[in-house]
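Read through the structure below, which is laid out as structure tokens, and then see the notes.
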Amino acid sequence: MNAAEKIFGEHGFDGASMREIAQCAGVAQALLHYHFRNKEALYEAVFERRATTIRGVRRQRLDELFSSGRAVAIEEVLETLFMSLEDLLGEQRGNLRYYVQMLAEVTVSPDERSSRIMKQFYDPSAEHFIAAFRRVLPDLSTEGAVWAYLFAIGARMQAHSPSDRAGRLGAGSDPGTAYRLLVPFVAAGIRTTCALSALPDSQTRAAPPRPAGRRQVRSPG
């Protein structure tokens with residue numbers, strides 16, 4: 001499974017081969033076909049292994065929060081959603097870079113295979129968090145909660161990214177900084193979304209802001 005994750009992460013689904021995965025794992029290619037039938041089944045198995053563990057840890061944390069008998073803040077729900085992959089999977093960050101690459105690919109790809117993987121392995125967890133958002137913020141609409149979750153996941157993917165783009169743009173080298181900023185950043189956005197959910201549609205369609213430092217020219221008459 002580790003070898004498959006490495007090869008799929010490096011070459012994508014189309015670029016990876018069962019032969020190369022078998023060589024990386026040090027097993028006969030026939031053994032892969034015996035256990036996984038084909039490349040697509042192995043590809044899905046890699047996601048299932050990681051997603052099952054992640055989903056279990058998060059669900060346990062959420063259950064503990066809501067069974068505490070006290071009011072739960074949106075920040076606490078987000079802290080569970082934004083647990084680092086190292087904490088969720090019990091592995092070092094460098095060992096997870098191939099999984100992060102695979103996850104990024106299926107998250108944005110519109111093909112049928114990627115949609116099936118997201119629906120089967122990740123949508124159940126998404127629905128759990130969407131319900132948690134609405135539980136702690138009852139005024140948040142279902143639509144608002146869905147988009148809040150998707151925007152939150154987009155922000156989290158940047159924190160997970162091993163590309164070091166943040167470093168190239170001038171951020172520090174501490175990988176924990178991104179996770180510390182995520183919760184207050186996203187919580188503020190969700191609370192704003194919650195406030196907008198309570199307004200009539202006509203009031204949420206605000207005109208775009210005018211560019212600063214530029215005079216508005218009115219047409220004659």
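All residue names refer to the structure tokens as shown: chains lettered A, B, ... in order, residues numbered from 1 in each chain, ligands numbered from 1 in order.
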Neighbour list for A:Ala132 as an MDAnalysis selection string, cut-off 9 Å, only C-alpha atoms, skip fewer than 6 positions in-chain: chainID A and resid 62 74 77
Go ahead and write the residues just picked, all heavy atoms, as a CSV table (one decimal), in the first residue's frame.
chain,number,residue,atom,x,y,z
A,62,LEU,N,-15.4,14.6,17.5
A,62,LEU,CA,-16.7,15.3,17.5
A,62,LEU,C,-17.6,14.7,18.5
A,62,LEU,O,-18.3,15.5,19.2
A,62,LEU,CB,-17.3,15.3,16.1
A,62,LEU,CG,-16.7,16.2,15.1
A,62,LEU,CD1,-17.4,16.1,13.7
A,62,LEU,CD2,-16.7,17.7,15.5
A,74,ILE,N,-17.7,27.0,17.4
A,74,ILE,CA,-17.3,26.6,16.0
A,74,ILE,C,-15.8,26.4,16.0
A,74,ILE,O,-15.3,25.5,15.2
A,74,ILE,CB,-17.8,27.7,15.0
A,74,ILE,CG1,-17.5,27.3,13.6
A,74,ILE,CG2,-17.1,29.0,15.3
A,74,ILE,CD1,-18.4,26.1,13.2
A,77,VAL,N,-15.0,22.8,16.7
A,77,VAL,CA,-15.3,21.9,15.6
A,77,VAL,C,-14.2,22.0,14.5
A,77,VAL,O,-13.8,21.0,14.0
A,77,VAL,CB,-16.7,22.2,15.0
A,77,VAL,CG1,-17.0,21.4,13.7
A,77,VAL,CG2,-17.8,22.1,16.0
Residues flagged helix (DSSP H, G or I) by DSSP in stretch 20-190 of chain A, as a ChimeraX atom specification: /A:20-25,29-36,39-66,74-81,85-89,93-108,112-136,142-160,165-168,176-190
Counting only C-alpha atoms, the residue of A:Tyr149, A:Phe133, A:Tyr179, A:Tyr98 that sits nearest A:Val46: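 Of A:Tyr149, A:Phe133, A:Tyr179, A:Tyr98, the one nearest A:Val46 is A:Tyr98, counting only C-alpha atoms.
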Within 10 Å of A:Val136 using only C-alpha atoms, minus same-chain residues under 6 positions, as a list of chain:residue names: A:Phe66, A:Ala71, A:Val72, A:Ala73, A:Ile74, A:Glu75, A:Glu76, A:Val77
Coordinates-based distance that separates atom CA of A:Ile117 from atom CA of A:Glu44 (Å, one decimal):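 Straight-line distance from atom CA of A:Glu44 to atom CA of A:Ile117 works out to 6.8 Å.
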Residues within 12 Å of stretch 105-110 of chain A, only C-alpha atoms, excluding chain neighbours under 4 positions, as a ChimeraX atom specification: /A:8-14,43-44,47,98-101,114-119,121-123,150,153-154,157
Minimum-distance residue to A:Thr53, chosen among A:Asp174, A:Glu143, A:Glu40, A:Glu91 (using only C-alpha atoms):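 For A:Thr53, the nearest of the candidates is A:Glu91.
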